[in-house]
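Asks: I am sharing query_29.cif, which consists of mmCIF, C-alpha atoms and all ligand atoms:
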```
data_final
loop_
_atom_site.label_atom_id
_atom_site.label_comp_id
_atom_site.auth_asym_id
_atom_site.auth_seq_id
_atom_site.Cartn_x
_atom_site.Cartn_y
_atom_site.Cartn_z
CA MET R 1 3.75 -16.70 7.69
CA SER R 2 3.88 -20.35 8.70
CA GLU R 3 6.36 -22.66 7.04
CA GLY R 4 5.30 -23.99 3.67
CA VAL R 5 2.70 -21.32 2.98
CA ALA R 6 3.32 -19.26 -0.13
CA PRO R 7 3.83 -15.49 0.23
CA ARG R 8 0.53 -13.70 -0.26
CA LEU R 9 -0.42 -10.19 -1.30
CA ASP R 10 -3.93 -8.94 -0.55
CA LEU R 11 -5.17 -5.76 -2.22
CA LEU R 12 -7.62 -4.62 0.42
CA GLY R 13 -8.43 -1.36 -1.35
CA THR R 14 -7.60 -0.13 -4.85
CA GLY R 15 -9.17 3.33 -5.20
CA ASN R 16 -7.57 6.77 -5.28
CA ALA R 17 -8.46 9.56 -2.84
CA PHE R 18 -11.95 9.97 -4.34
CA LEU R 19 -13.20 6.40 -3.81
CA PRO R 20 -14.37 5.70 -7.36
CA ARG R 21 -17.53 3.64 -7.34
CA GLY R 22 -17.13 0.41 -5.38
CA ARG R 23 -13.52 0.90 -4.32
CA PHE R 24 -11.93 1.55 -0.92
CA HIS R 25 -8.77 3.63 -0.58
CA SER R 26 -5.63 1.91 -1.80
CA MET R 27 -3.99 -0.38 0.78
CA ALA R 28 -2.04 -3.63 0.45
CA LEU R 29 -1.43 -6.41 2.99
CA VAL R 30 1.51 -8.82 2.76
CA ASP R 31 1.17 -12.22 4.42
CA GLY R 32 -1.67 -10.93 6.58
CA MET R 33 0.71 -8.89 8.73
CA HIS R 34 2.55 -6.18 6.82
CA LEU R 35 0.35 -3.29 5.70
CA ILE R 36 1.48 -0.86 3.04
CA ASP R 37 -0.16 2.40 4.20
CA ALA R 38 -3.06 2.84 6.62
CA SER R 39 -5.76 4.41 4.51
CA PRO R 40 -8.97 6.01 5.85
CA THR R 41 -10.83 2.82 4.87
CA ALA R 42 -8.26 0.61 6.65
CA LEU R 43 -10.63 -0.81 9.23
CA ALA R 44 -13.44 -1.31 6.74
CA SER R 45 -11.21 -3.15 4.31
CA LEU R 46 -9.61 -5.32 7.02
CA ARG R 47 -13.09 -6.24 8.28
CA ARG R 48 -14.28 -7.04 4.76
CA ALA R 49 -11.24 -9.32 4.27
CA GLY R 50 -11.80 -11.07 7.60
CA ARG R 51 -8.48 -9.81 8.98
CA SER R 52 -7.88 -8.63 12.53
CA PRO R 53 -6.04 -5.35 13.18
CA ALA R 54 -4.23 -7.20 15.98
CA ASP R 55 -2.47 -9.35 13.37
CA VAL R 56 -0.85 -6.31 11.74
CA ARG R 57 2.84 -6.31 12.69
CA THR R 58 4.09 -3.56 10.39
CA VAL R 59 2.74 -0.48 8.67
CA LEU R 60 5.03 0.66 5.87
CA VAL R 61 4.14 4.28 5.17
CA THR R 62 4.64 5.53 1.62
CA HIS R 63 3.82 9.17 2.44
CA THR R 64 1.58 11.23 4.68
CA HIS R 65 -1.25 12.31 2.35
CA GLY R 66 -4.60 11.71 4.01
CA ASP R 67 -5.75 8.92 1.71
CA HIS R 68 -2.65 6.93 2.78
CA VAL R 69 -2.41 7.44 6.56
CA PHE R 70 -5.66 8.79 8.00
CA GLY R 71 -6.73 5.28 9.00
CA PHE R 72 -3.79 4.94 11.38
CA PRO R 73 -5.57 6.34 14.49
CA PHE R 74 -8.44 3.91 13.92
CA LEU R 75 -6.04 0.97 13.69
CA LEU R 76 -4.57 1.90 17.06
CA LEU R 77 -7.96 2.62 18.58
CA GLU R 78 -9.35 -0.74 17.44
CA ARG R 79 -6.35 -2.61 18.83
CA ARG R 80 -6.61 -0.83 22.16
CA TYR R 81 -10.33 -1.42 22.71
CA ILE R 82 -11.18 -4.52 20.67
CA SER R 83 -8.56 -6.86 19.27
CA ASP R 84 -5.50 -6.27 21.48
CA ARG R 85 -6.83 -4.91 24.79
CA ASP R 86 -3.85 -6.23 26.74
CA GLY R 87 -1.39 -4.59 24.36
CA LEU R 88 0.45 -7.82 23.70
CA GLN R 89 0.83 -7.51 19.93
CA PRO R 90 3.89 -5.62 18.66
CA LEU R 91 3.57 -2.96 15.96
CA THR R 92 6.33 -1.37 13.91
CA VAL R 93 5.85 1.64 11.66
CA VAL R 94 8.41 1.93 8.87
CA GLY R 95 8.65 5.34 7.27
CA ALA R 96 10.91 8.21 6.37
CA PRO R 97 12.03 10.69 9.02
CA GLY R 98 9.08 12.98 9.71
CA VAL R 99 6.44 10.27 9.52
CA GLU R 100 6.48 9.60 13.27
CA ALA R 101 5.81 13.22 14.23
CA ARG R 102 2.93 13.46 11.75
CA LEU R 103 1.30 10.24 12.90
CA ARG R 104 1.60 11.33 16.53
CA HIS R 105 -0.03 14.64 15.63
CA LEU R 106 -2.77 12.86 13.71
CA CYS R 107 -3.50 10.50 16.63
CA GLU R 108 -3.64 13.38 19.09
CA LEU R 109 -6.07 15.27 16.84
CA ALA R 110 -8.24 12.19 16.44
CA TYR R 111 -8.43 10.99 20.05
CA PRO R 112 -6.68 13.42 22.42
CA GLY R 113 -4.86 11.57 25.17
CA SER R 114 -6.22 8.15 24.27
CA LEU R 115 -3.67 6.77 21.86
CA GLY R 116 -0.50 7.94 23.62
CA PRO R 117 -0.03 4.73 25.63
CA LEU R 118 -0.26 2.68 22.45
CA LEU R 119 1.99 5.02 20.48
CA ASP R 120 4.63 4.59 23.16
CA HIS R 121 4.71 0.90 22.34
CA VAL R 122 4.92 1.41 18.59
CA SER R 123 8.41 0.95 17.22
CA PHE R 124 9.15 3.66 14.63
CA GLN R 125 11.80 2.63 12.15
CA THR R 126 13.40 5.06 9.71
CA SER R 127 16.27 2.92 8.41
CA ARG R 128 16.23 2.50 4.65
CA THR R 129 16.55 -1.26 4.83
CA GLY R 130 15.49 -3.79 7.40
CA ALA R 131 14.03 -7.19 8.20
CA LEU R 132 10.34 -7.88 8.71
CA GLU R 133 8.70 -10.83 10.42
CA GLY R 134 7.99 -13.86 8.25
CA GLY R 135 11.17 -13.84 6.19
CA TRP R 136 10.68 -10.48 4.50
CA HIS R 137 13.22 -7.72 3.95
CA TYR R 138 12.34 -4.18 2.89
CA GLU R 139 14.19 -1.44 1.07
CA MET R 140 12.84 2.13 1.13
CA PHE R 141 13.60 4.69 -1.58
CA GLU R 142 12.66 8.30 -2.34
CA VAL R 143 10.10 8.91 -5.07
CA HIS R 144 8.69 11.86 -7.01
CA HIS R 145 5.52 13.12 -5.34
CA ASP R 146 4.52 16.08 -3.15
CA ALA R 147 7.76 16.65 -1.18
CA ALA R 148 5.83 17.90 1.86
CA THR R 149 4.60 14.34 2.41
CA VAL R 150 8.10 12.72 2.53
CA PRO R 151 7.19 10.34 -0.32
CA HIS R 152 8.88 6.94 -0.51
CA GLY R 153 8.43 3.59 -2.17
CA TYR R 154 9.42 0.10 -1.10
CA VAL R 155 10.81 -3.10 -2.49
CA LEU R 156 9.93 -6.15 -0.40
CA ARG R 157 11.86 -9.37 -0.84
CA HIS R 158 11.10 -12.72 0.76
CA GLU R 159 13.78 -15.23 1.63
CA GLY R 160 11.92 -17.74 -0.55
CA GLY R 161 12.42 -15.57 -3.67
CA ALA R 162 9.20 -13.53 -3.87
CA SER R 163 9.59 -9.82 -4.53
CA LEU R 164 7.34 -6.85 -5.05
CA ALA R 165 7.76 -3.12 -5.57
CA HIS R 166 5.39 -0.37 -4.43
CA GLY R 167 5.92 3.21 -5.52
CA GLY R 168 3.43 4.89 -3.26
CA ASP R 169 1.74 7.77 -5.03
CA THR R 170 4.76 8.57 -7.17
CA GLY R 171 4.98 9.96 -10.64
CA PRO R 172 7.50 8.49 -13.07
CA CYS R 173 11.04 8.69 -11.63
CA ALA R 174 14.38 6.89 -11.82
CA THR R 175 14.19 5.32 -8.35
CA PHE R 176 10.80 3.73 -9.01
CA GLU R 177 11.91 2.64 -12.46
CA HIS R 178 14.85 0.83 -10.85
CA ALA R 179 12.61 -0.76 -8.22
CA VAL R 180 10.14 -2.00 -10.82
CA GLY R 181 12.97 -3.57 -12.78
CA SER R 182 14.19 -5.41 -9.69
CA ALA R 183 10.90 -7.04 -8.63
CA ALA R 184 8.61 -9.77 -9.99
CA LEU R 185 5.47 -7.70 -9.40
CA SER R 186 5.00 -3.99 -9.06
CA LEU R 187 2.04 -2.13 -7.64
CA VAL R 188 1.61 1.11 -9.58
CA GLU R 189 -0.70 3.83 -8.32
CA MET R 190 -2.51 5.26 -11.34
CA GLY R 191 -4.13 8.12 -9.49
CA VAL R 192 -5.20 10.39 -12.31
CA PRO R 193 -6.76 10.18 -15.78
CA GLU R 194 -4.86 11.10 -18.90
CA TRP R 195 -6.02 14.70 -19.07
CA VAL R 196 -4.56 15.68 -15.69
CA GLN R 197 -1.25 17.48 -16.13
CA THR R 198 0.99 16.36 -13.27
CA GLU R 199 4.44 14.95 -12.61
CA HIS R 200 3.37 13.59 -9.24
CA HIS R 201 1.16 10.70 -10.35
CA HIS R 202 1.11 7.98 -12.99
CA ARG R 203 -1.38 8.57 -15.80
CA PRO R 204 -2.51 5.66 -18.00
CA SER R 205 0.08 6.49 -20.67
CA ASP R 206 2.82 6.52 -17.99
CA VAL R 207 1.74 3.06 -16.80
CA ALA R 208 1.64 1.72 -20.35
CA ALA R 209 5.14 3.06 -21.06
CA LEU R 210 6.51 1.68 -17.78
CA ALA R 211 5.05 -1.75 -18.48
CA ALA R 212 6.45 -1.76 -22.01
CA ARG R 213 9.92 -1.05 -20.61
CA HIS R 214 9.57 -3.97 -18.16
CA PRO R 215 7.76 -6.73 -20.07
CA ASP R 216 8.82 -9.42 -17.58
CA VAL R 217 7.37 -7.60 -14.57
CA GLN R 218 3.74 -8.09 -13.56
CA ILE R 219 2.31 -4.57 -13.29
CA VAL R 220 -0.74 -4.33 -11.02
CA VAL R 221 -2.56 -1.00 -11.16
CA THR R 222 -4.05 0.28 -7.91
CA HIS R 223 -4.95 3.65 -6.29
CA THR R 224 -6.94 4.16 -9.45
CA PHE R 225 -9.44 6.72 -10.68
CA VAL R 226 -11.18 4.03 -12.74
CA ASP R 227 -14.63 3.14 -11.46
CA GLY R 228 -15.12 -0.24 -9.85
CA GLU R 229 -17.98 -2.69 -9.93
CA GLY R 230 -20.23 -1.09 -7.32
CA SER R 231 -23.52 0.67 -7.78
CA GLY R 232 -24.04 4.39 -8.08
CA PRO R 233 -23.12 6.94 -10.68
CA VAL R 234 -19.88 6.83 -12.61
CA THR R 235 -17.49 9.21 -10.87
CA VAL R 236 -14.84 9.87 -13.49
CA SER R 237 -14.47 7.38 -16.26
CA THR R 238 -13.93 3.75 -17.05
CA ASP R 239 -11.84 4.61 -20.07
CA VAL R 240 -8.23 3.46 -19.91
CA LEU R 241 -5.77 3.20 -22.73
CA GLU R 242 -5.11 -0.22 -24.13
CA MET R 243 -2.39 -1.63 -21.89
CA PRO R 244 0.47 -4.06 -22.53
CA SER R 245 -0.35 -7.66 -21.59
CA ASN R 246 1.67 -7.51 -18.37
CA VAL R 247 -0.69 -4.89 -16.87
CA GLN R 248 -3.74 -5.76 -14.81
CA LEU R 249 -6.16 -3.36 -13.18
CA ALA R 250 -6.73 -4.50 -9.59
CA SER R 251 -10.06 -4.87 -7.83
CA ASP R 252 -10.70 -4.57 -4.11
CA GLY R 253 -10.20 -7.84 -2.28
CA GLU R 254 -8.14 -9.62 -4.89
CA ALA R 255 -5.17 -11.69 -3.74
CA TRP R 256 -1.90 -12.78 -5.33
CA LEU R 257 0.08 -15.87 -4.35
CA TRP R 258 3.75 -16.49 -4.99
CA ALA R 259 4.11 -19.56 -7.18
CA GLY R 260 7.87 -20.08 -7.09
CA THR R 261 8.91 -17.77 -9.89
CA THR R 262 5.88 -15.53 -10.46
CA TRP R 263 2.88 -14.13 -8.63
CA ASN R 264 -0.51 -15.54 -9.64
CA ARG R 265 -3.81 -13.80 -9.02
CA CYS R 266 -5.89 -16.28 -7.03
CA GLU R 267 -9.27 -14.61 -6.51
ZN ZN R 301 -2.97 8.95 -2.78
ZN ZN R 302 -0.24 11.32 -2.41
#
```
Before we go any further, please render this structure as structure tokens.
Ligand SMILES: [Zn+2]
Ligand SMILES: [Zn+2]
Replies:
Amino acid sequence: MSEGVAPRLDLLGTGNAFLPRGRFHSMALVDGMHLIDASPTALASLRRAGRSPADVRTVLVTHTHGDHVFGFPFLLLERRYISDRDGLQPLTVVGAPGVEARLRHLCELAYPGSLGPLLDHVSFQTSRTGALEGGWHYEMFEVHHDAATVPHGYVLRHEGGASLAHGGDTGPCATFEHAVGSAALSLVEMGVPEWVQTEHHHRPSDVAALAARHPDVQIVVTHTFVDGEGSGPVTVSTDVLEMPSNVQLASDGEAWLWAGTTWNRCE
């Protein structure tokens, strides 16, 4: 981020694993360089937003379910053959222990032998806190989701005061609750409709209750089952409970700008 430019959050994709009508898989981009997850639609959503994969400095991995990381090999492949052929652009992957081995396995399955040279230049970072380019600092915390995917969430804080929480695909849990309460904006993945019985995702009633407990936090719902604006048949439902006023359902491509004390949706 150049000096004087407000922190920016781009929601490149906002759908759950099943790509409800018109939505790409959930993926967020901070200041054009820090990606939260590398979903299967990563390249498509970066292209649609006019962003180059070579500008990505960090991928913060929430967990290793396919809808969150299966775009990683394509990110590397694109950088190697299109946008960073000389391998000059650094890339750091932040994730819990176990993420590196799974991404290496995934890359080898996808393009045997091809991505190794790039992977060797990726910096894998498992520390729970750390600094990111552009004045950002991250904090990683465990969340309540399928344990086999080493699920974690993040709080990102900017030196200028901006903050945001991201729970990954978590269900309600104390660590995410604490993170939400400590940030100005929280991305909440509402992956399943009300009738699905699960502890591992937020249902609409869970989101409504969370938002009611944190009325001063902007709650932005992503990774959603709710159909988008595209054409084609309705996949699940557009029915969502009435939500508190601090909840907004995100759409693909929308952006939020830090305005000094709050985040404002700008498009
Ligand atoms: Zn997911
Ligand atoms: Zn998941």
Asks: Residues within 8 Å of ligand ZN 302 (chain R) (only C-alpha atoms and all ligand atoms), as a ChimeraX atom specification?
Replies: /R:63-68,145-146,149,151,168-170
Asks: Which polymer residues have any atom within 9 Å of an atom of Arg128 in chain R, counting all atoms listed in the file, with same-chain residues fewer than 2 positions away left out, as a PyMOL selection string?
Replies: chain R and resi 94-96+125-126+130+138-141
Asks: Can I get the residues close to ligand ZN 301 (chain R) as a PDB file with C-alpha atoms, in the coordinates of the input, where close means within 12 Å and we count only C-alpha atoms and all ligand atoms?
Replies:
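New file selection_33.pdb:
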```pdb
ATOM      1  CA  GLY R  13      -8.430  -1.360  -1.350  1.00  0.00           C
ATOM      2  CA  THR R  14      -7.600  -0.130  -4.850  1.00  0.00           C
ATOM      3  CA  GLY R  15      -9.170   3.330  -5.200  1.00  0.00           C
ATOM      4  CA  ASN R  16      -7.570   6.770  -5.280  1.00  0.00           C
ATOM      5  CA  ALA R  17      -8.460   9.560  -2.840  1.00  0.00           C
ATOM      6  CA  PHE R  18     -11.950   9.970  -4.340  1.00  0.00           C
ATOM      7  CA  LEU R  19     -13.200   6.400  -3.810  1.00  0.00           C
ATOM      8  CA  PHE R  24     -11.930   1.550  -0.920  1.00  0.00           C
ATOM      9  CA  HIS R  25      -8.770   3.630  -0.580  1.00  0.00           C
ATOM     10  CA  SER R  26      -5.630   1.910  -1.800  1.00  0.00           C
ATOM     11  CA  MET R  27      -3.990  -0.380   0.780  1.00  0.00           C
ATOM     12  CA  ASP R  37      -0.160   2.400   4.200  1.00  0.00           C
ATOM     13  CA  ALA R  38      -3.060   2.840   6.620  1.00  0.00           C
ATOM     14  CA  SER R  39      -5.760   4.410   4.510  1.00  0.00           C
ATOM     15  CA  PRO R  40      -8.970   6.010   5.850  1.00  0.00           C
ATOM     16  CA  VAL R  61       4.140   4.280   5.170  1.00  0.00           C
ATOM     17  CA  THR R  62       4.640   5.530   1.620  1.00  0.00           C
ATOM     18  CA  HIS R  63       3.820   9.170   2.440  1.00  0.00           C
ATOM     19  CA  THR R  64       1.580  11.230   4.680  1.00  0.00           C
ATOM     20  CA  HIS R  65      -1.250  12.310   2.350  1.00  0.00           C
ATOM     21  CA  GLY R  66      -4.600  11.710   4.010  1.00  0.00           C
ATOM     22  CA  ASP R  67      -5.750   8.920   1.710  1.00  0.00           C
ATOM     23  CA  HIS R  68      -2.650   6.930   2.780  1.00  0.00           C
ATOM     24  CA  VAL R  69      -2.410   7.440   6.560  1.00  0.00           C
ATOM     25  CA  PHE R  70      -5.660   8.790   8.000  1.00  0.00           C
ATOM     26  CA  HIS R 145       5.520  13.120  -5.340  1.00  0.00           C
ATOM     27  CA  ASP R 146       4.520  16.080  -3.150  1.00  0.00           C
ATOM     28  CA  THR R 149       4.600  14.340   2.410  1.00  0.00           C
ATOM     29  CA  PRO R 151       7.190  10.340  -0.320  1.00  0.00           C
ATOM     30  CA  GLY R 167       5.920   3.210  -5.520  1.00  0.00           C
ATOM     31  CA  GLY R 168       3.430   4.890  -3.260  1.00  0.00           C
ATOM     32  CA  ASP R 169       1.740   7.770  -5.030  1.00  0.00           C
ATOM     33  CA  THR R 170       4.760   8.570  -7.170  1.00  0.00           C
ATOM     34  CA  GLY R 171       4.980   9.960 -10.640  1.00  0.00           C
ATOM     35  CA  VAL R 188       1.610   1.110  -9.580  1.00  0.00           C
ATOM     36  CA  GLU R 189      -0.700   3.830  -8.320  1.00  0.00           C
ATOM     37  CA  MET R 190      -2.510   5.260 -11.340  1.00  0.00           C
ATOM     38  CA  GLY R 191      -4.130   8.120  -9.490  1.00  0.00           C
ATOM     39  CA  VAL R 192      -5.200  10.390 -12.310  1.00  0.00           C
ATOM     40  CA  HIS R 200       3.370  13.590  -9.240  1.00  0.00           C
ATOM     41  CA  HIS R 201       1.160  10.700 -10.350  1.00  0.00           C
ATOM     42  CA  HIS R 202       1.110   7.980 -12.990  1.00  0.00           C
ATOM     43  CA  THR R 222      -4.050   0.280  -7.910  1.00  0.00           C
ATOM     44  CA  HIS R 223      -4.950   3.650  -6.290  1.00  0.00           C
ATOM     45  CA  THR R 224      -6.940   4.160  -9.450  1.00  0.00           C
ATOM     46  CA  PHE R 225      -9.440   6.720 -10.680  1.00  0.00           C
TER      47      PHE R 225
END
```
Asks: Could you give me, as a list in words, the residues within 7 Å of range 204-221 of chain R, counting all atoms listed in the file and dropping anything in the same chain fewer than 4 positions from it?
Replies: Gly181, Ala183, Ala184, Leu185, Ser186, Leu187, Val188, Glu189, Met190, Pro193, Glu194, Val240, Leu241, Met243, Pro244, Asn246, Val247, Gln248, Leu249 and Ala250 of chain R
Asks: Please write as a PyMOL selection string the list of polymer residues whose atoms come within 12 Å of (-3.9, -1.6, 15.7), counting only C-alpha atoms and keeping to the coordinates of the file.
Replies: chain R and resi 33-35+38+42-43+46+51-59+71-93+115+118-119+121-122
Asks: Let me make sure I understand: among R:Phe124, R:Leu164, R:Gly113, R:Ala179, which one has the smallest atom-to-atom distance to Trp256 in chain R if we use all atoms listed in the file?
Replies: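 Under the stated criterion, the closest residue is R:Leu164.
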Asks: Is it possible to add N, CA and C atoms to range 9-24 of chain R and hand it back as a short mmCIF file (atom, residue, chain, number, x, y, z; two decimals), keeping the file's coordinate frame?
Replies:
```cif
data_model
loop_
_atom_site.label_atom_id
_atom_site.label_comp_id
_atom_site.auth_asym_id
_atom_site.auth_seq_id
_atom_site.Cartn_x
_atom_site.Cartn_y
_atom_site.Cartn_z
N LEU R 9 -0.18 -11.63 -1.22
CA LEU R 9 -0.42 -10.19 -1.30
C LEU R 9 -1.91 -9.96 -1.44
N ASP R 10 -2.51 -9.26 -0.49
CA ASP R 10 -3.93 -8.94 -0.55
C ASP R 10 -4.10 -7.45 -0.87
N LEU R 11 -4.89 -7.16 -1.88
CA LEU R 11 -5.17 -5.76 -2.22
C LEU R 11 -6.50 -5.39 -1.58
N LEU R 12 -6.41 -4.85 -0.39
CA LEU R 12 -7.62 -4.62 0.42
C LEU R 12 -8.44 -3.46 -0.14
N GLY R 13 -7.75 -2.49 -0.71
CA GLY R 13 -8.43 -1.36 -1.35
C GLY R 13 -7.62 -0.96 -2.57
N THR R 14 -8.29 -0.42 -3.58
CA THR R 14 -7.60 -0.13 -4.85
C THR R 14 -7.98 1.23 -5.44
N GLY R 15 -8.72 2.05 -4.67
CA GLY R 15 -9.17 3.33 -5.20
C GLY R 15 -8.23 4.47 -4.85
N ASN R 16 -8.35 5.57 -5.60
CA ASN R 16 -7.57 6.77 -5.28
C ASN R 16 -8.29 7.54 -4.16
N ALA R 17 -7.92 8.78 -3.96
CA ALA R 17 -8.46 9.56 -2.84
C ALA R 17 -9.98 9.72 -2.92
N PHE R 18 -10.55 9.62 -4.14
CA PHE R 18 -11.95 9.97 -4.34
C PHE R 18 -12.90 8.78 -4.30
N LEU R 19 -12.38 7.60 -3.95
CA LEU R 19 -13.20 6.40 -3.81
C LEU R 19 -14.11 6.19 -5.01
N PRO R 20 -13.53 5.98 -6.19
CA PRO R 20 -14.37 5.70 -7.36
C PRO R 20 -15.27 4.51 -7.08
N ARG R 21 -16.44 4.56 -7.60
CA ARG R 21 -17.53 3.64 -7.34
C ARG R 21 -17.07 2.21 -6.98
N GLY R 22 -17.41 1.79 -5.77
CA GLY R 22 -17.13 0.41 -5.38
C GLY R 22 -15.74 0.16 -4.83
N ARG R 23 -14.89 1.13 -4.79
CA ARG R 23 -13.52 0.90 -4.32
C ARG R 23 -13.27 1.59 -2.97
N PHE R 24 -12.47 0.91 -2.12
CA PHE R 24 -11.93 1.55 -0.92
C PHE R 24 -10.60 2.20 -1.30
#
```
